[in-house]
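Visitor: One structure, pasted below without further comment.
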Amino acid sequence: MKTHPAAPISVAFIGAGRIGLMHLTNLSRMPGVRVVEVVDAHLAAAQQGAAIVDAPRASTNPLGAINAADVDVVLIATPTATHPELIAAAITAGKPVWCEKPVALSLADAATVRDLAAQHNVPVMIGYMRRFDERYAQLKRRIDAGELGAIERFRAVSIDAAPPSLAFIKTSGGICIDMLIHDFDLALHLVGPIVAVHSWGSVLVDPGFYDADDVDTVMVMLKFANGALGVVEGGRRTTWGYDIRTEVSGALARAFVAAPGAMPSDGDGAPALVPDQSFANRFVDAYVSELAYFFRCLREQTTPKPDIADAMASLRVARAATESLRTGTVVTLELD
Ligand SMILES: NC(=O)c1ccc[n+]([C@@H]2O[C@H](COP(=O)([O-])OP(=O)(O)OC[C@H]3O[C@@H](n4cnc5c(N)ncnc54)[C@H](O)[C@@H]3O)[C@@H](O)[C@H]2O)c1
């Protein structure tokens with residue numbers, strides 16, 4: 001990408017839905033970035049998004065936007081099944097891409113765009129924003145500095161305050177691919193490669209999850225290549241807010257990231273904390289930081305991470321966890 005260092009980076013933004021509108025709000029305040037076109041399958045959504053960033057164009061034509069002469073970079077926040085095709089179109093046009101997680105529903109589609117990006121030498125970053133949350137970044141620094149010693153255990157909880165729509169659930173790939181993939185990405189990022197997965201799932205929140213061939217309550221056991229063990233607890237409804245917690249323990253110490261508002265009350269009369277209600281408030285700063293980092297990498301011509309290979313690693317674990325839900329058996333994973 002060749003732009004004058006002082007010139008704003010010109011962006012086409014595709015997918016103005018639940019998360020896309022939030023990213024557009026963040027982009028509206030981001031220096032050095034100008035959204036010139038917002039695209040959505042529904043023109044009214046594209047127009048709503050364009051109004052947020054004061055973009056000159058709103059359309060229903062992703063390929064037109066990707067190939068527009070005044071577009072330097074493509075950002076994608078459409079449903080997961082559409083990611084590979086849109087990423088491929090942007091790569092073919094030679095335009096760097098940031099795309100929401102997961103990169104694809106299938107590993108074959110993910111591999112296709114990974115190879116295309118390598119062939120065209122186009123940077124593609126996938127949006128695992130938790131890595132950019134300051135508390136997770138600090139945990140990573142502590143682990144890398146050896147403060148926890150050799151890692152022995154990984155524990156994570158990811159439970160939505162309320163489920164997304166059943167229409168979304170049906171296209172999401174299921175709870176492991178849509179939601180727990182964030183925890184699998186962190187497990188890989190913080191601890192290392194995973195060699196075996198075993199899942200249990202139930203439908204306890206809404207019978208509609210049966211119809212979507214999904215579960216709303218899940219536990220996934222992980223075995224890491226270094227022998228450490230992990231457990232990820234997932235769900236689609238709490239009565240105590242959006243509950244995201246991660247704990248890593250090693251030979252020397254234990255460390256955890258938790259939103260205090262999400263912890264159940266201890267009933268001792270302590271003042272009530274207002275819990276986070278969704279990813280949008282819990283990770284508000286992380287979403288800004290990940291996009292600011294992406295644009296910084298483009299300006300400095302460094303490679304943004306997590307890239308497609310990183311996203312394939314967490315997708316591989318998520319697919320194994322989904323397979324284990326169906327078969328009830330342990331699924332082993334080959335190391336690269
Ligand atoms: N990182 C996170 O925390 C996080 C949170 C939520 C969603 N997501 C991811 O973001 C993506 C979108 O999720 P969402 O909840 O915003 O979904 P959504 O259904 O609310 O929004 C998707 C939007 O894309 C539009 N769309 C669909 N196909 C399109 C196409 N081919 N071209 C242009 N527009 C199209 C739809 O009309 C809709 O407005 C998913 O991949 C999801 O996994 C990530």
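Note on naming: chains are A, B, ... as they come in the structure tokens, residues start from 1 per chain, ligands start from 1 in the order shown.
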With a cut-off of 8 Å, could you pull out the residues of range 14-122 of chain A touching range 170-184 of chain A and give me the nearest pair of atoms for each, distance in Å to one decimal, using only C-alpha atoms, ordered by chain and ascending number, as CSV?
Guide:
residue,atom,partner,partner_atom,distance
A:Pro79,CA,A:Thr171,CA,7.3
A:Thr80,CA,A:Ser172,CA,6.6
A:Ala81,CA,A:Thr171,CA,7.3
A:Pro102,CA,A:Asp178,CA,7.0
A:Leu105,CA,A:Gly173,CA,6.3
Visitor: Using only C-alpha atoms, determine which residues lie at most 6 Å from range 82-89 of chain A, disregarding the query and same-chain residues fewer than 3 positions distant; provide the list as a ChimeraX atom specification.
Guide: /A:79,92,104,113
Visitor: Within 7 Å of ligand 1, counting only C-alpha atoms and all ligand atoms, which protein or nucleic acid residues do you find, written as a CSV table (one decimal) with N, CA and C atoms, in the first residue's frame?
Guide:
chain,number,residue,atom,x,y,z
A,14,ILE,N,-17.2,-3.1,5.1
A,14,ILE,CA,-18.3,-3.9,4.6
A,14,ILE,C,-19.0,-4.7,5.7
A,15,GLY,N,-20.3,-4.5,5.9
A,15,GLY,CA,-21.0,-5.1,7.0
A,15,GLY,C,-21.3,-4.2,8.1
A,16,ALA,N,-22.5,-3.5,8.0
A,16,ALA,CA,-22.9,-2.5,9.0
A,16,ALA,C,-23.9,-3.1,9.9
A,17,GLY,N,-23.6,-4.2,10.6
A,17,GLY,CA,-24.6,-4.9,11.5
A,17,GLY,C,-24.2,-4.6,13.0
A,18,ARG,N,-24.5,-5.5,13.8
A,18,ARG,CA,-24.3,-5.4,15.3
A,18,ARG,C,-22.9,-4.9,15.6
A,19,ILE,N,-21.8,-5.6,15.1
A,19,ILE,CA,-20.5,-5.2,15.4
A,19,ILE,C,-19.9,-4.1,14.5
A,20,GLY,N,-20.4,-4.2,13.2
A,20,GLY,CA,-19.9,-3.2,12.2
A,20,GLY,C,-20.2,-1.8,12.6
A,39,VAL,N,-20.6,-0.5,3.0
A,39,VAL,CA,-21.4,-1.5,2.2
A,39,VAL,C,-22.2,-2.4,3.1
A,40,ASP,N,-23.4,-2.6,2.8
A,40,ASP,CA,-24.2,-3.7,3.5
A,40,ASP,C,-25.2,-4.3,2.5
A,41,ALA,N,-25.6,-5.5,2.8
A,41,ALA,CA,-26.6,-6.2,1.9
A,41,ALA,C,-27.9,-5.4,2.0
A,42,HIS,N,-28.1,-4.6,3.1
A,42,HIS,CA,-29.3,-3.8,3.2
A,42,HIS,C,-28.8,-2.3,3.1
A,45,ALA,N,-28.9,-0.1,6.2
A,45,ALA,CA,-27.8,-0.3,7.2
A,45,ALA,C,-26.6,0.4,6.7
A,60,THR,N,-24.7,-1.4,-1.7
A,60,THR,CA,-24.9,-2.8,-1.4
A,60,THR,C,-24.0,-3.6,-2.3
A,62,PRO,N,-20.3,-4.9,-2.5
A,62,PRO,CA,-18.9,-5.1,-1.9
A,62,PRO,C,-17.8,-5.1,-2.9
A,77,ALA,N,-16.9,-6.8,8.3
A,77,ALA,CA,-17.6,-7.3,9.5
A,77,ALA,C,-19.0,-7.9,9.1
A,78,THR,N,-18.9,-8.7,8.1
A,78,THR,CA,-20.1,-9.4,7.6
A,78,THR,C,-20.2,-10.8,8.3
A,79,PRO,N,-21.3,-11.5,8.1
A,79,PRO,CA,-21.4,-12.9,8.7
A,79,PRO,C,-20.2,-13.7,8.3
A,80,THR,N,-19.8,-14.7,9.1
A,80,THR,CA,-18.5,-15.4,8.9
A,80,THR,C,-18.5,-16.1,7.6
A,82,THR,N,-19.4,-15.3,4.8
A,82,THR,CA,-19.0,-14.4,3.6
A,82,THR,C,-17.5,-14.0,3.7
A,100,GLU,N,-13.2,-9.3,10.7
A,100,GLU,CA,-13.7,-9.9,12.0
A,100,GLU,C,-13.4,-11.4,12.1
A,101,LYS,N,-13.3,-11.9,13.3
A,101,LYS,CA,-13.1,-13.3,13.5
A,101,LYS,C,-14.4,-14.0,13.2
A,102,PRO,N,-14.5,-15.3,13.0
A,102,PRO,CA,-13.5,-16.2,12.5
A,102,PRO,C,-13.2,-15.9,11.1
A,127,GLY,N,-9.7,-10.2,13.5
A,127,GLY,CA,-10.0,-9.4,14.7
A,127,GLY,C,-10.2,-10.1,16.0
A,128,TYR,N,-9.1,-10.6,16.5
A,128,TYR,CA,-9.2,-11.2,17.9
A,128,TYR,C,-8.8,-10.1,18.9
A,129,MET,N,-9.8,-9.3,19.2
A,129,MET,CA,-9.6,-8.1,20.0
A,129,MET,C,-9.1,-8.3,21.4
A,168,PHE,N,-28.9,-15.2,13.7
A,168,PHE,CA,-27.5,-15.1,13.8
A,168,PHE,C,-26.9,-16.5,14.1
A,172,SER,N,-23.8,-18.9,12.4
A,172,SER,CA,-22.5,-18.6,13.2
A,172,SER,C,-21.5,-19.7,13.2
A,178,ASP,N,-18.1,-19.7,16.9
A,178,ASP,CA,-18.5,-18.3,17.0
A,178,ASP,C,-17.9,-17.6,18.2
A,279,PHE,N,-19.9,-7.7,24.8
A,279,PHE,CA,-18.5,-7.4,24.3
A,279,PHE,C,-18.3,-5.9,24.0
Visitor: Which residues come within 8 Å of Val330 in chain A, counting only C-alpha atoms, excluding same-chain residues fewer than 4 positions away, as a CSV table (one decimal) with C-alpha atoms, in the first residue's frame?
Guide:
chain,number,residue,atom,x,y,z
A,196,ALA,CA,-6.5,-32.7,22.1
A,197,VAL,CA,-10.0,-31.5,22.8
A,198,HIS,CA,-13.0,-33.0,24.5
A,199,SER,CA,-16.4,-31.1,24.8
A,324,SER,CA,-16.3,-33.6,19.9
Visitor: Measuring atom to atom with only C-alpha atoms, identify which of A:Ala313, A:Val203, A:Ile151, A:Leu188 is nearest to Ala251 in chain A.
Guide: A:Ile151
Visitor: For a quick check of understanding, using only C-alpha atoms, which of A:Pro96, A:His120, A:Ala68, A:Val257 has the smallest distance to Thr302 in chain A?
Guide: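 Using only C-alpha atoms, Thr302 in chain A sits closest to A:Pro96.
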Visitor: Report as JSON, numbers by chain all protein, DNA and RNA residues lying within 12 Å of range 294-297 of chain A, evaluated on only C-alpha atoms, omitting residues in the same chain fewer than 4 positions from it.
Guide: {"A": [1, 3, 5, 8, 9, 10, 11, 27, 30, 31, 32, 33, 34, 72, 73, 74, 75, 96, 97, 98, 99, 123, 124, 125, 126, 127, 128, 129, 132, 287, 288, 289, 290, 301, 302, 303, 304, 305, 306, 307]}
Visitor: Go ahead and save the picked residues with C-alpha atoms, as a PDB file, in the first residue's frame.
Guide:
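See selection14.pdb below for the written result:
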ATOM      1  CA  MET A   1       0.000   0.000   0.000  1.00  0.00           C
ATOM      2  CA  THR A   3       0.074   6.433   0.536  1.00  0.00           C
ATOM      3  CA  PRO A   5       2.619   9.297   5.229  1.00  0.00           C
ATOM      4  CA  PRO A   8      -5.418   9.589   5.599  1.00  0.00           C
ATOM      5  CA  ILE A   9      -5.813   5.885   4.830  1.00  0.00           C
ATOM      6  CA  SER A  10      -8.930   5.468   2.719  1.00  0.00           C
ATOM      7  CA  VAL A  11     -11.222   2.612   3.809  1.00  0.00           C
ATOM      8  CA  LEU A  27     -13.379   4.743  13.191  1.00  0.00           C
ATOM      9  CA  MET A  30      -9.686   7.573  14.639  1.00  0.00           C
ATOM     10  CA  PRO A  31      -7.095  10.045  13.320  1.00  0.00           C
ATOM     11  CA  GLY A  32      -5.538   9.369   9.912  1.00  0.00           C
ATOM     12  CA  VAL A  33      -8.368   7.154   8.659  1.00  0.00           C
ATOM     13  CA  ARG A  34     -11.188   8.090   6.303  1.00  0.00           C
ATOM     14  CA  ASP A  72      -6.696   1.691   0.004  1.00  0.00           C
ATOM     15  CA  VAL A  73      -7.848  -0.797   2.626  1.00  0.00           C
ATOM     16  CA  VAL A  74     -10.849  -3.098   3.206  1.00  0.00           C
ATOM     17  CA  LEU A  75     -12.457  -3.762   6.600  1.00  0.00           C
ATOM     18  CA  PRO A  96      -4.749  -4.900   2.880  1.00  0.00           C
ATOM     19  CA  VAL A  97      -7.587  -6.428   4.888  1.00  0.00           C
ATOM     20  CA  TRP A  98      -8.779  -6.422   8.454  1.00  0.00           C
ATOM     21  CA  CYS A  99     -11.632  -8.901   8.976  1.00  0.00           C
ATOM     22  CA  PRO A 123      -1.398  -8.278   4.798  1.00  0.00           C
ATOM     23  CA  VAL A 124      -4.570  -9.729   6.332  1.00  0.00           C
ATOM     24  CA  MET A 125      -5.356  -9.282  10.027  1.00  0.00           C
ATOM     25  CA  ILE A 126      -8.165 -11.150  11.810  1.00  0.00           C
ATOM     26  CA  GLY A 127     -10.006  -9.390  14.651  1.00  0.00           C
ATOM     27  CA  TYR A 128      -9.172 -11.184  17.884  1.00  0.00           C
ATOM     28  CA  MET A 129      -9.568  -8.063  19.983  1.00  0.00           C
ATOM     29  CA  PHE A 132      -5.462  -5.937  22.533  1.00  0.00           C
ATOM     30  CA  TYR A 287     -11.692  -2.769  19.660  1.00  0.00           C
ATOM     31  CA  VAL A 288     -10.169   0.713  19.232  1.00  0.00           C
ATOM     32  CA  SER A 289      -6.649  -0.541  19.966  1.00  0.00           C
ATOM     33  CA  GLU A 290      -6.794  -3.429  17.483  1.00  0.00           C
ATOM     34  CA  GLN A 301       4.947  -1.451   6.765  1.00  0.00           C
ATOM     35  CA  THR A 302       5.089  -4.132   9.462  1.00  0.00           C
ATOM     36  CA  THR A 303       2.976  -7.305   9.363  1.00  0.00           C
ATOM     37  CA  PRO A 304      -0.180  -7.117  11.496  1.00  0.00           C
ATOM     38  CA  LYS A 305      -1.044 -10.047  13.790  1.00  0.00           C
ATOM     39  CA  PRO A 306      -3.070 -12.143  14.413  1.00  0.00           C
ATOM     40  CA  ASP A 307      -2.924 -13.153  10.763  1.00  0.00           C
TER      41      ASP A 307
END
Visitor: Got a sec: who's within 6 Å of Arg237 in chain A, counting only C-alpha atoms, leaving out chain neighbours fewer than 3 positions off, as a ChimeraX atom specification?
Guide: /A:160-163
Visitor: Could you list, as a list in words, every residue within 6 Å of Ala58 in chain A, counting only C-alpha atoms and ignoring same-chain residues fewer than 2 positions away?
Guide: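 Result of the neighbour search: Glu37, Val38, Val39, Ala46, Gln47 and Ala50 of chain A.
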Visitor: Between A:Ala318, A:Ala137, A:Val331, A:Met22, single out the one closest to Asn281 in chain A, counting only C-alpha atoms.
Guide: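 Closest candidate: A:Met22.
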Visitor: Write out as a PyMOL selection string all residues of range 98-225 of chain A that backbone DSSP assigns to alpha helix (DSSP H).
Guide: chain A and resi 107-120+134-144+166-171+175-178+181-190+208-211
Visitor: From the options A:Leu116, A:His23, A:Gly250, A:Ala7, which residue's atoms come nearest to Ala292 in chain A, counting only C-alpha atoms?
Guide: A:His23
